[in-house]
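S.K.: Hey, dropping coords-v2.cif in here, mmCIF, C-alpha atoms:
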```cif
data_model
#
loop_
_atom_site.label_atom_id
_atom_site.label_comp_id
_atom_site.auth_asym_id
_atom_site.auth_seq_id
_atom_site.Cartn_x
_atom_site.Cartn_y
_atom_site.Cartn_z
CA MET A 1 93.40 59.90 86.29
CA ASN A 2 91.10 59.30 89.24
CA THR A 3 91.97 60.53 92.73
CA ASP A 4 90.28 61.37 96.05
CA LEU A 5 90.72 65.12 96.01
CA ILE A 6 91.66 67.75 93.42
CA ILE A 7 92.86 71.15 94.64
CA ILE A 8 93.11 74.09 92.24
CA GLY A 9 95.76 76.51 93.49
CA SER A 10 98.80 76.06 95.73
CA GLY A 11 98.65 79.13 97.95
CA PRO A 12 98.43 78.89 101.76
CA GLY A 13 94.94 77.42 101.52
CA GLY A 14 95.72 74.94 98.76
CA TYR A 15 99.09 73.58 99.80
CA ARG A 16 98.19 73.25 103.47
CA ALA A 17 94.93 71.49 102.56
CA ALA A 18 96.88 69.12 100.30
CA GLU A 19 99.39 68.30 103.03
CA TYR A 20 96.65 67.80 105.63
CA ALA A 21 94.52 65.65 103.33
CA ALA A 22 97.45 63.44 102.31
CA ARG A 23 98.53 63.04 105.93
CA ASN A 24 95.03 61.74 106.64
CA GLY A 25 95.05 59.15 103.89
CA LEU A 26 93.62 60.94 100.84
CA GLN A 27 95.24 60.84 97.40
CA VAL A 28 95.56 64.45 96.26
CA VAL A 29 96.17 66.13 92.92
CA ILE A 30 97.02 69.83 93.23
CA ALA A 31 97.15 72.11 90.20
CA GLU A 32 99.24 75.28 89.93
CA GLN A 33 99.64 77.43 86.83
CA ALA A 34 102.45 79.62 88.22
CA GLU A 35 104.72 79.34 91.27
CA VAL A 36 103.74 77.36 94.35
CA GLY A 37 102.93 79.46 97.38
CA GLY A 38 100.32 81.67 95.73
CA THR A 39 99.93 85.40 96.24
CA CYS A 40 101.00 85.32 99.89
CA LEU A 41 104.46 83.93 99.23
CA ASN A 42 105.21 85.36 95.82
CA ARG A 43 103.37 88.68 95.60
CA GLY A 44 101.99 89.47 99.04
CA CYS A 45 102.63 88.70 102.70
CA ILE A 46 106.20 87.43 102.61
CA PRO A 47 107.91 89.86 100.22
CA THR A 48 106.08 92.79 101.80
CA LYS A 49 107.13 91.72 105.28
CA ALA A 50 110.72 91.30 104.11
CA TYR A 51 110.66 94.98 103.06
CA ALA A 52 108.86 95.93 106.28
CA ARG A 53 111.77 94.45 108.22
CA ASN A 54 114.24 96.55 106.20
CA ALA A 55 112.13 99.62 106.92
CA GLU A 56 111.90 98.84 110.63
CA ILE A 57 115.68 98.49 110.97
CA MET A 58 116.30 101.73 109.07
CA ASP A 59 113.85 103.59 111.29
CA THR A 60 115.49 102.13 114.40
CA LEU A 61 118.96 103.15 113.26
CA ARG A 62 117.74 106.66 112.50
CA GLY A 63 116.51 106.86 116.06
CA ALA A 64 119.77 105.57 117.55
CA GLU A 65 120.49 108.81 119.41
CA ALA A 66 117.27 108.43 121.41
CA LEU A 67 118.59 105.04 122.59
CA GLY A 68 121.82 106.56 123.87
CA MET A 69 123.94 105.77 120.80
CA ASN A 70 125.73 107.96 118.30
CA PRO A 71 123.56 109.09 115.36
CA VAL A 72 123.62 106.73 112.36
CA ASP A 73 123.61 107.90 108.74
CA VAL A 74 121.27 105.44 107.02
CA VAL A 75 121.65 105.10 103.24
CA PRO A 76 118.97 102.76 101.79
CA ASP A 77 120.02 100.31 99.07
CA PHE A 78 116.74 99.13 97.60
CA ALA A 79 118.38 96.82 95.05
CA LYS A 80 120.04 94.86 97.86
CA ALA A 81 116.79 94.81 99.82
CA ALA A 82 115.00 93.46 96.74
CA ALA A 83 117.64 90.73 96.33
CA ARG A 84 117.22 89.72 100.00
CA LYS A 85 113.45 89.63 99.51
CA ASP A 86 113.88 87.34 96.50
CA ASN A 87 116.12 85.00 98.49
CA VAL A 88 113.55 84.75 101.29
CA VAL A 89 110.78 83.94 98.79
CA ALA A 90 112.93 81.37 96.96
CA GLN A 91 113.82 79.59 100.19
CA LEU A 92 110.18 79.31 101.27
CA ARG A 93 109.06 78.30 97.79
CA SER A 94 111.57 75.46 97.84
CA GLY A 95 110.14 74.31 101.15
CA ILE A 96 106.60 74.19 99.74
CA GLU A 97 107.80 72.28 96.67
CA THR A 98 109.34 69.72 99.04
CA LEU A 99 106.10 69.52 101.04
CA LEU A 100 104.10 68.93 97.84
CA SER A 101 106.43 66.09 96.81
CA ALA A 102 105.31 64.02 99.81
CA PRO A 103 103.60 60.64 99.28
CA GLY A 104 99.92 61.02 98.41
CA ILE A 105 100.35 64.39 96.67
CA THR A 106 100.74 64.92 92.93
CA LEU A 107 101.64 68.47 91.90
CA VAL A 108 100.59 69.23 88.32
CA SER A 109 101.68 72.41 86.51
CA GLY A 110 99.08 74.01 84.29
CA LYS A 111 95.86 75.98 84.05
CA ALA A 112 92.95 74.14 85.67
CA ALA A 113 89.25 74.37 84.81
CA LEU A 114 86.11 72.47 85.73
CA LYS A 115 84.65 70.17 83.09
CA ASP A 116 81.83 68.98 85.34
CA ALA A 117 81.18 68.50 89.06
CA ASN A 118 83.78 65.72 89.32
CA THR A 119 86.21 66.45 86.49
CA VAL A 120 89.01 68.99 86.19
CA THR A 121 91.15 69.62 83.14
CA ILE A 122 94.75 70.66 83.78
CA GLY A 123 96.30 71.56 80.47
CA ASP A 124 95.44 68.71 78.13
CA GLU A 125 94.87 66.13 80.87
CA GLU A 126 91.68 65.20 82.71
CA TYR A 127 91.45 64.31 86.39
CA THR A 128 88.40 63.05 88.27
CA ALA A 129 87.61 63.07 91.97
CA LYS A 130 84.65 62.92 94.31
CA ASN A 131 85.84 66.17 95.93
CA ILE A 132 87.32 69.38 94.52
CA ILE A 133 88.70 72.40 96.39
CA ILE A 134 89.00 75.71 94.53
CA ALA A 135 91.78 77.84 96.01
CA THR A 136 92.68 80.24 93.21
CA GLY A 137 93.11 83.34 95.38
CA SER A 138 92.73 86.95 94.29
CA ALA A 139 94.28 89.63 92.09
CA PRO A 140 94.79 93.39 92.52
CA LYS A 141 91.72 95.51 91.84
CA MET A 142 91.88 98.58 89.59
CA LEU A 143 89.67 101.66 89.59
CA PRO A 144 87.71 102.24 86.35
CA ILE A 145 89.14 105.73 85.81
CA GLU A 146 91.04 107.56 83.10
CA GLY A 147 94.73 106.68 82.95
CA CYS A 148 94.61 103.49 85.00
CA ASN A 149 95.73 101.42 82.01
CA ASP A 150 99.06 103.27 81.87
CA ALA A 151 101.30 100.42 83.04
CA GLU A 152 104.37 102.65 83.23
CA MET A 153 102.68 105.14 85.52
CA VAL A 154 100.13 103.06 87.44
CA TRP A 155 101.45 100.10 89.41
CA THR A 156 99.73 97.32 91.33
CA SER A 157 101.23 95.70 94.43
CA ASP A 158 102.41 92.90 92.10
CA ARG A 159 104.41 95.40 90.05
CA MET A 160 105.77 97.12 93.15
CA LEU A 161 107.13 93.84 94.48
CA THR A 162 109.08 93.16 91.26
CA ALA A 163 110.72 96.61 91.22
CA THR A 164 114.48 96.91 91.70
CA ALA A 165 114.41 100.70 91.92
CA LEU A 166 111.93 103.10 93.49
CA PRO A 167 110.40 106.34 92.21
CA ARG A 168 111.28 109.56 94.03
CA ARG A 169 107.60 110.49 94.45
CA ILE A 170 104.73 108.05 94.73
CA CYS A 171 100.99 108.46 95.20
CA ILE A 172 99.19 105.55 96.84
CA VAL A 173 95.48 105.26 96.10
CA GLY A 174 93.84 103.48 99.02
CA ALA A 175 94.58 103.48 102.76
CA GLY A 176 93.71 99.87 103.45
CA VAL A 177 96.21 97.25 104.56
CA ILE A 178 98.22 97.19 101.31
CA GLY A 179 98.29 100.97 100.96
CA MET A 180 99.30 101.63 104.56
CA GLU A 181 102.01 98.98 104.62
CA PHE A 182 103.59 100.30 101.43
CA ALA A 183 103.25 103.89 102.66
CA CYS A 184 105.43 103.06 105.67
CA ILE A 185 107.91 100.95 103.72
CA LEU A 186 108.40 103.48 100.93
CA ASN A 187 108.64 106.39 103.37
CA SER A 188 111.42 104.57 105.22
CA PHE A 189 113.25 103.99 101.92
CA GLY A 190 113.19 107.73 101.27
CA CYS A 191 110.28 108.12 98.85
CA ASP A 192 107.99 111.14 99.00
CA VAL A 193 104.68 109.38 99.78
CA THR A 194 101.14 110.70 99.41
CA VAL A 195 98.06 108.58 100.22
CA ILE A 196 94.58 109.31 98.83
CA GLU A 197 91.65 107.56 100.50
CA PHE A 198 87.92 107.72 99.70
CA LEU A 199 86.78 106.90 103.26
CA LYS A 200 86.92 109.13 106.32
CA GLU A 201 89.60 107.02 108.00
CA CYS A 202 92.27 104.49 107.07
CA LEU A 203 92.12 100.76 107.81
CA PRO A 204 88.34 100.38 108.16
CA ALA A 205 88.61 96.97 109.87
CA LEU A 206 90.42 98.63 112.79
CA ASP A 207 88.68 100.44 115.61
CA GLY A 208 88.41 104.07 114.51
CA ASP A 209 90.22 105.35 117.59
CA VAL A 210 93.21 103.08 116.91
CA ALA A 211 93.23 103.76 113.16
CA LYS A 212 93.24 107.55 113.63
CA ARG A 213 96.10 107.46 116.14
CA LEU A 214 98.16 105.26 113.83
CA ARG A 215 97.54 107.51 110.82
CA LYS A 216 98.53 110.60 112.80
CA LEU A 217 101.77 108.90 113.84
CA ILE A 218 102.59 107.95 110.25
CA GLU A 219 101.82 111.53 109.19
CA LYS A 220 104.46 112.77 111.65
CA ARG A 221 106.98 110.65 109.76
CA GLY A 222 106.28 112.55 106.57
CA VAL A 223 103.52 110.63 104.77
CA LYS A 224 100.83 112.98 103.44
CA PHE A 225 97.19 111.88 103.62
CA PHE A 226 94.13 113.13 101.72
CA MET A 227 91.08 111.50 103.32
CA GLN A 228 87.50 111.57 101.98
CA SER A 229 88.95 112.06 98.51
CA ALA A 230 87.82 110.42 95.25
CA VAL A 231 90.42 109.82 92.54
CA GLN A 232 89.09 110.79 89.13
CA ALA A 233 92.02 110.41 86.73
CA VAL A 234 95.73 109.83 86.30
CA ARG A 235 96.91 112.24 83.65
CA GLY A 236 100.22 113.75 82.56
CA GLY A 237 102.20 112.85 85.67
CA SER A 238 99.43 113.97 88.01
CA VAL A 239 96.65 112.39 90.03
CA LEU A 240 93.39 114.33 89.88
CA PHE A 241 90.91 113.88 92.71
CA ASP A 242 87.87 115.43 94.36
CA ARG A 243 88.38 116.36 97.99
CA LYS A 244 85.12 117.29 99.68
CA GLY A 245 83.87 118.96 96.51
CA LYS A 246 87.16 120.66 95.67
CA GLN A 247 89.12 119.61 92.58
CA THR A 248 92.73 118.85 93.53
CA ALA A 249 95.81 117.54 91.72
CA ILE A 250 99.19 116.32 92.89
CA ASP A 251 102.27 115.62 90.78
CA THR A 252 103.88 112.21 91.13
CA ASP A 253 106.32 109.87 89.41
CA CYS A 254 104.25 106.75 90.06
CA VAL A 255 100.80 105.70 91.28
CA LEU A 256 100.31 102.58 93.39
CA MET A 257 96.75 101.33 93.07
CA ALA A 258 95.89 99.76 96.44
CA VAL A 259 92.09 99.66 96.36
CA GLY A 260 91.62 96.03 97.29
CA ARG A 261 91.62 92.68 95.56
CA VAL A 262 89.14 90.64 93.53
CA PRO A 263 88.63 86.84 93.54
CA VAL A 264 90.25 84.97 90.65
CA THR A 265 87.48 82.96 88.98
CA GLU A 266 88.02 83.72 85.30
CA GLY A 267 88.77 80.62 83.28
CA LEU A 268 87.60 78.18 85.97
CA ASN A 269 84.51 77.31 83.92
CA LEU A 270 82.33 77.32 87.05
CA ASP A 271 79.13 77.18 85.00
CA ALA A 272 80.06 73.74 83.71
CA ALA A 273 79.67 72.37 87.23
CA GLY A 274 76.84 74.71 88.21
CA VAL A 275 78.87 76.51 90.89
CA VAL A 276 77.29 79.80 92.01
CA CYS A 277 79.62 82.80 92.02
CA GLY A 278 78.71 86.39 92.95
CA PRO A 279 80.56 89.72 92.75
CA LYS A 280 82.36 89.02 96.04
CA GLY A 281 83.44 85.50 95.09
CA ILE A 282 82.26 81.89 95.13
CA ALA A 283 79.41 81.37 97.60
CA THR A 284 80.11 78.80 100.34
CA ASP A 285 78.44 77.41 103.43
CA ALA A 286 79.80 76.94 106.96
CA ASN A 287 81.98 74.05 105.77
CA LEU A 288 83.28 76.02 102.76
CA GLN A 289 81.21 73.86 100.42
CA THR A 290 79.66 75.54 97.39
CA ASN A 291 76.09 74.96 96.22
CA VAL A 292 77.43 71.84 94.47
CA ALA A 293 78.06 68.90 96.80
CA GLY A 294 81.73 67.92 96.83
CA ILE A 295 83.03 71.23 95.48
CA TYR A 296 84.57 73.63 97.99
CA ALA A 297 86.05 77.12 97.72
CA ILE A 298 88.61 78.40 100.24
CA GLY A 299 90.64 81.56 100.75
CA ASP A 300 90.39 84.79 98.80
CA VAL A 301 88.32 83.23 96.01
CA ASN A 302 85.27 82.97 98.28
CA GLY A 303 85.62 86.60 99.35
CA ARG A 304 84.96 85.90 103.03
CA GLN A 305 88.23 87.07 104.59
CA MET A 306 91.18 87.83 102.34
CA LEU A 307 93.87 86.64 104.74
CA ALA A 308 96.44 83.88 104.25
CA HIS A 309 95.71 82.31 107.63
CA ALA A 310 91.97 82.40 106.87
CA ALA A 311 92.66 80.38 103.72
CA THR A 312 94.70 77.88 105.74
CA VAL A 313 92.05 77.17 108.38
CA GLN A 314 89.30 77.14 105.75
CA GLY A 315 91.25 74.49 103.85
CA ILE A 316 91.59 72.35 106.95
CA LYS A 317 87.89 72.75 107.73
CA ALA A 318 86.96 71.74 104.18
CA VAL A 319 89.15 68.65 104.36
CA ASN A 320 87.65 67.77 107.74
CA HIS A 321 84.20 67.92 106.15
CA ILE A 322 85.38 65.63 103.36
CA LEU A 323 86.78 63.22 105.96
CA GLY A 324 83.57 63.38 108.01
CA ARG A 325 85.37 64.90 110.99
CA THR A 326 84.10 67.54 113.40
CA ASP A 327 86.39 70.31 114.60
CA SER A 328 86.37 73.39 116.80
CA ILE A 329 87.62 75.84 114.16
CA ARG A 330 85.95 79.24 114.66
CA LEU A 331 85.84 81.08 111.35
CA ASP A 332 83.95 83.93 113.04
CA ILE A 333 87.03 84.81 115.09
CA MET A 334 89.74 85.84 112.65
CA PRO A 335 92.66 87.97 113.84
CA SER A 336 94.42 90.23 111.37
CA ALA A 337 97.61 92.28 111.37
CA ILE A 338 98.85 95.31 109.46
CA PHE A 339 102.63 95.51 109.25
CA THR A 340 103.00 99.25 109.26
CA HIS A 341 105.63 100.75 111.57
CA PRO A 342 104.50 100.48 114.25
CA GLU A 343 102.31 97.52 113.40
CA ALA A 344 98.61 97.23 114.11
CA ALA A 345 96.30 94.28 114.67
CA ALA A 346 92.71 93.44 115.47
CA VAL A 347 90.29 90.68 116.30
CA GLY A 348 86.53 90.80 116.75
CA VAL A 349 84.19 93.77 116.60
CA THR A 350 84.92 97.48 116.90
CA GLU A 351 83.26 99.92 119.28
CA ASP A 352 81.77 101.69 116.25
CA PHE A 353 80.19 98.41 115.09
CA CYS A 354 78.62 97.91 118.50
CA LYS A 355 77.15 101.41 118.50
CA GLU A 356 75.81 101.10 114.97
CA ASN A 357 74.21 97.71 115.63
CA GLY A 358 72.82 98.28 119.10
CA VAL A 359 75.28 95.94 120.83
CA GLU A 360 75.84 96.90 124.45
CA CYS A 361 79.55 96.99 125.16
CA ARG A 362 82.22 98.38 127.44
CA THR A 363 85.77 99.37 126.48
CA ALA A 364 89.13 99.80 128.16
CA LYS A 365 92.42 101.22 126.95
CA ALA A 366 96.05 100.73 127.91
CA PHE A 367 98.93 102.80 126.56
CA TYR A 368 102.45 101.78 125.62
CA ARG A 369 103.88 104.91 127.23
CA ALA A 370 102.83 103.54 130.65
CA ASN A 371 104.26 100.05 130.08
CA GLY A 372 107.69 99.23 131.48
CA LYS A 373 108.77 96.94 128.64
CA ALA A 374 107.68 99.48 126.00
CA LEU A 375 109.66 102.24 127.72
CA ALA A 376 112.74 100.03 127.95
CA MET A 377 112.39 99.18 124.24
CA GLY A 378 112.01 102.82 123.29
CA GLU A 379 108.62 101.95 121.76
CA THR A 380 106.28 104.27 123.61
CA GLU A 381 103.88 104.97 120.73
CA GLY A 382 100.89 102.67 120.87
CA MET A 383 97.62 101.68 122.46
CA VAL A 384 95.53 98.60 123.20
CA LYS A 385 91.73 98.83 123.21
CA MET A 386 89.63 95.94 124.52
CA ILE A 387 85.89 95.50 124.04
CA ALA A 388 83.60 93.34 126.20
CA ASP A 389 79.87 92.66 126.10
CA GLU A 390 77.46 93.08 129.02
CA SER A 391 78.37 89.67 130.43
CA GLY A 392 82.08 90.51 130.42
CA ARG A 393 82.90 88.25 127.47
CA ILE A 394 85.71 89.64 125.32
CA ILE A 395 84.27 90.42 121.87
CA GLY A 396 87.05 92.51 120.35
CA CYS A 397 90.54 93.89 120.76
CA HIS A 398 92.44 96.39 118.63
CA ALA A 399 95.98 97.66 118.98
CA TYR A 400 98.78 99.58 117.37
CA GLY A 401 102.38 99.62 118.56
CA ALA A 402 105.35 97.29 118.78
CA HIS A 403 104.38 93.60 118.53
CA ALA A 404 100.67 94.45 118.29
CA ALA A 405 100.06 91.26 116.28
CA ASP A 406 101.47 89.10 119.09
CA LEU A 407 99.23 90.81 121.64
CA ILE A 408 96.12 90.34 119.52
CA GLN A 409 96.94 86.67 118.96
CA GLU A 410 96.60 86.07 122.70
CA ILE A 411 93.16 87.67 122.72
CA SER A 412 92.11 85.75 119.59
CA ALA A 413 92.93 82.47 121.34
CA LEU A 414 90.98 83.51 124.42
CA MET A 415 87.99 84.62 122.34
CA CYS A 416 87.87 81.17 120.76
CA ARG A 417 87.12 79.89 124.25
CA ASP A 418 84.63 82.70 125.12
CA THR A 419 86.91 84.03 127.85
CA THR A 420 85.65 86.85 130.08
CA THR A 421 87.60 89.88 131.22
CA THR A 422 87.46 88.61 134.80
CA GLU A 423 89.06 85.34 133.75
CA LEU A 424 91.78 87.17 131.80
CA ALA A 425 92.43 89.53 134.71
CA ASP A 426 93.09 86.49 136.92
CA MET A 427 95.71 85.06 134.51
CA THR A 428 99.30 85.80 135.52
CA HIS A 429 101.27 87.73 132.90
CA ILE A 430 105.06 87.92 132.82
CA HIS A 431 106.66 91.18 133.95
CA PRO A 432 107.97 93.13 132.18
CA THR A 433 106.13 92.37 128.93
CA LEU A 434 103.85 94.23 126.56
CA SER A 435 101.15 91.64 127.29
CA GLU A 436 100.62 93.22 130.71
CA MET A 437 98.57 95.84 128.85
CA LEU A 438 96.03 93.14 128.03
CA GLN A 439 95.71 92.23 131.68
CA GLU A 440 95.43 95.92 132.53
CA CYS A 441 92.49 96.31 130.12
CA ALA A 442 90.84 93.20 131.52
CA GLU A 443 91.21 94.50 135.06
CA GLN A 444 89.58 97.80 134.10
CA LEU A 445 86.64 95.99 132.50
CA SER A 446 86.19 93.39 135.23
CA HIS A 447 85.95 96.11 137.89
CA SER A 448 83.85 98.60 135.94
#
```
Would you mind writing the file out in structure tokens?
M.R.:
Amino acid sequence: MNTDLIIIGSGPGGYRAAEYAARNGLQVVIAEQAEVGGTCLNRGCIPTKAYARNAEIMDTLRGAEALGMNPVDVVPDFAKAAARKDNVVAQLRSGIETLLSAPGITLVSGKAALKDANTVTIGDEEYTAKNIIIATGSAPKMLPIEGCNDAEMVWTSDRMLTATALPRRICIVGAGVIGMEFACILNSFGCDVTVIEFLKECLPALDGDVAKRLRKLIEKRGVKFFMQSAVQAVRGGSVLFDRKGKQTAIDTDCVLMAVGRVPVTEGLNLDAAGVVCGPKGIATDANLQTNVAGIYAIGDVNGRQMLAHAATVQGIKAVNHILGRTDSIRLDIMPSAIFTHPEAAAVGVTEDFCKENGVECRTAKAFYRANGKALAMGETEGMVKMIADESGRIIGCHAYGAHAADLIQEISALMCRDTTTTELADMTHIHPTLSEMLQECAEQLSHS
């Protein structure tokens, strides 16, 4: 079968690219070997956020007395929470299946591989097209240490999201986004949670000041952290690790390996088409095109930014290149959110990055405890930190606290238009809202 575009993978990058391409007149074949929706829908963003909502409500109910209500005895029912999570995923999956049944799109179930630069095999069938988009996503990474192959003891995030019951004690290896989100969720569900992290601080993409404050807050809720610690083995119900030269062990019922993700390229037969792939993923240019004309790689598989929304905009940019269209998509400005409780979010550079790379910058902070809306909400823990260059252009913003992701989204939009702090300071913000903290930071920077 000959078509205009073949897409391998139906995650956020693949299915949105298919819909966009078909809407603009291309005939699209999209291959999927498992469920539509990819990691984000089935084993990542959506199920995790469903649990994060459960955790948030439980934490709020436990703090009812502080809001002037009678204390609430919260008894978690993880099995019911898991069933709700499954219903959310099923509903969204059905929506994507409907989207991929639109005219111009042919969804084919099966394992896809390249035969040459214009041919893809899906199962026993061959499909040809002038353009191919690889959107196969990523898979959980494992540490090459003793005991990591014990599937009963050592879980990945995939395994965690299929569980219907939780262990009493859990050790999370890794304090990145996945590790920190699960630490908060599992703590709220009543698990005894310990986190072991190799680096000095959690969430390395966040400004260090923000990350440290968030970790300290989560510690107060009962999560134990061992920073600058290297896991060496999982053995006999214990995790063995080196902490600043001292051998340490903790007993646990389960280990969650949250040390990142790796691009899924195995079985794609990239060599047959001459596509270059490195340790971090498939190499691409500014238009997401590989070294082979007409073959593109979007989302986690190219290793640029492992975020669902990054995959989506990369897919649209790739299709625009195929269509010969120009766009104003800025891949260099990519907001991200961490759905801990409270949540955190970031866009642009950190103050540490500026110092390490000789970038002159100025910073300003605003605190939730001084914001009227935050006080009224009973959400006084949090901070916003804004970073501007010498000209006053906003080059970064990092936050933790209630609705941090919504605050950062505003700054991300402004950064896409090279907005200055003076311009932001002159923009009216609704009172009372959390977004007034952004204007407060801008005012500090525009008058400094």
S.K.: Identify all residues satisfying the PyMOL selection byres ((chain A and resi 365-371) around 10) in the given file; provide them as number ranges by chain.
M.R.: A: 363-364, 372-376, 378-387, 397-402, 431-442, 444-445
S.K.: Can you build me a table of stretch 177-290 of chain A residues sitting at most 8 Å from stretch 334-344 of chain A, with the closest atom pair per residue and its distance in Å to one decimal, using all atoms listed in the file, sorted by chain and residue number, as a Markdown table?
M.R.:
```
| residue | atom | partner | partner_atom | distance |
| --- | --- | --- | --- | --- |
| A:Val177 | CA | A:Ile338 | CA | 5.9 |
| A:Met180 | CA | A:Thr340 | CA | 6.4 |
| A:Glu181 | CA | A:Thr340 | CA | 4.8 |
| A:Phe182 | CA | A:Thr340 | CA | 7.9 |
| A:Cys184 | CA | A:Thr340 | CA | 5.8 |
| A:Ile185 | CA | A:Thr340 | CA | 7.6 |
| A:Leu214 | CA | A:Pro342 | CA | 8.0 |
| A:Ile218 | CA | A:His341 | CA | 7.9 |
```
S.K.: Identify all residues satisfying the PyMOL selection byres ((chain A and resi 243) around 9) in the given file; provide them as a list in words.
M.R.: Phe198, Phe226, Met227, Gln228, Ser229, Ala230, Val231, Phe241, Asp242, Lys244, Gly245, Lys246, Gln247 and Thr248 of chain A
S.K.: Mind pulling up the distance from atom CA of A:Pro103 to atom CA of A:Val28?
M.R.: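 Computing it gives 9.4 Å between the two atoms.
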S.K.: Using all atoms listed in the file, I'd like a table of the residues in stretch 116-163 of chain A that come within 9 Å of stretch 70-82 of chain A; for each, show the closest atom pair and its distance in Å rounded to one decimal, ordered by chain and ascending number, as a Markdown table.
M.R.:
```
| residue | atom | partner | partner_atom | distance |
| --- | --- | --- | --- | --- |
| A:Leu161 | CA | A:Ala82 | CA | 8.2 |
| A:Thr162 | CA | A:Ala82 | CA | 8.1 |
| A:Ala163 | CA | A:Ala82 | CA | 7.7 |
```
S.K.: Using only C-alpha atoms for the distances, tell me which of A:Val239, A:Ile322, A:Ile134, A:Cys148 is nearest to A:Asn302.
M.R.: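 Closest to A:Asn302 of all the choices is A:Ile134.
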S.K.: What would the list of residues within 10 Å of (110.8, 80.6, 98.9) (file frame) look like as a PyMOL selection string, if only C-alpha atoms are what count?
M.R.: chain A and resi 35-37+41-42+46-47+85-97
S.K.: Identify the residues within 10 Å of coordinate (90.8, 87.6, 136.7) (same frame as the file), considering all atoms listed in the file, and give the answer as a VMD selection string.
M.R.: chain A and resid 420 to 428 439 442 to 443 446 to 447
S.K.: Using only C-alpha atoms, which residues sit within 8 Å of A:Val223 once same-chain residues fewer than 6 positions away are excluded, as a ChimeraX atom specification?
M.R.: /A:183-184,187,192-195
S.K.: Go ahead and compute the interatomic distance for atom CA of A:Cys202 and atom CA of A:Arg215, in Å to one decimal.
M.R.: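 These atoms are spaced 7.1 Å apart.
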S.K.: What is the distance between atom CA of A:Ala34 and atom CA of A:His309, in Å to one decimal?
M.R.: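 About the pair atom CA of A:Ala34 and atom CA of A:His309: they are 20.7 Å apart.
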S.K.: Which is closer to A:Ile316 than all the others in A:Pro144, A:Gly9, A:Gly137, A:Gly14, using all atoms listed in the file?
M.R.: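 Using all atoms listed in the file, A:Ile316 sits closest to A:Gly14.
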S.K.: With only C-alpha atoms as the atoms that count, which of A:Ser188, A:Gln33, A:Gln27, A:Asn118 lies nearest to A:Arg221?
M.R.: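 Of A:Ser188, A:Gln33, A:Gln27, A:Asn118, the one nearest A:Arg221 is A:Ser188, counting only C-alpha atoms.
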S.K.: Which residues are near A:Val359? Cut-off 10 Å, all atoms listed in the file, ignore same chain within fewer than 5 positions. Put them as JSON, numbers by chain.
M.R.: {"A": [351, 352, 353, 354, 389, 390]}
S.K.: Would you please work out which residue, of A:Gly174, A:Gly315, A:Gly222, A:Gly299, is nearest to A:Val259 when using only C-alpha atoms?
M.R.: A:Gly174
S.K.: Could you spell out the hits of the PyMOL selection byres ((chain A and resi 311) around 8) on the shown file, as a PyMOL selection string?
M.R.: chain A and resi 12-14+298-300+306-310+312-315
S.K.: Which polymer residues have any atom within 7 Å of an atom of A:Lys111, counting all atoms listed in the file, with same-chain residues fewer than 3 positions away left out, as a list in words?
M.R.: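 The neighbour list is Glu32, Gln33, Ile122 and Gly123 of chain A.
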S.K.: Given all atoms listed in the file as the basis, pick out the residue of A:Ser157, A:Thr265, A:Asn320, A:Thr128 nearest to A:Leu288.
M.R.: A:Asn320
S.K.: Any idea what's packed within 8 Å of A:Gly303, counting all atoms listed in the file, ignoring anything in its chain fewer than 5 positions away? Could you give it as a VMD selection string?
M.R.: chain A and resid 262 to 263 280 to 282
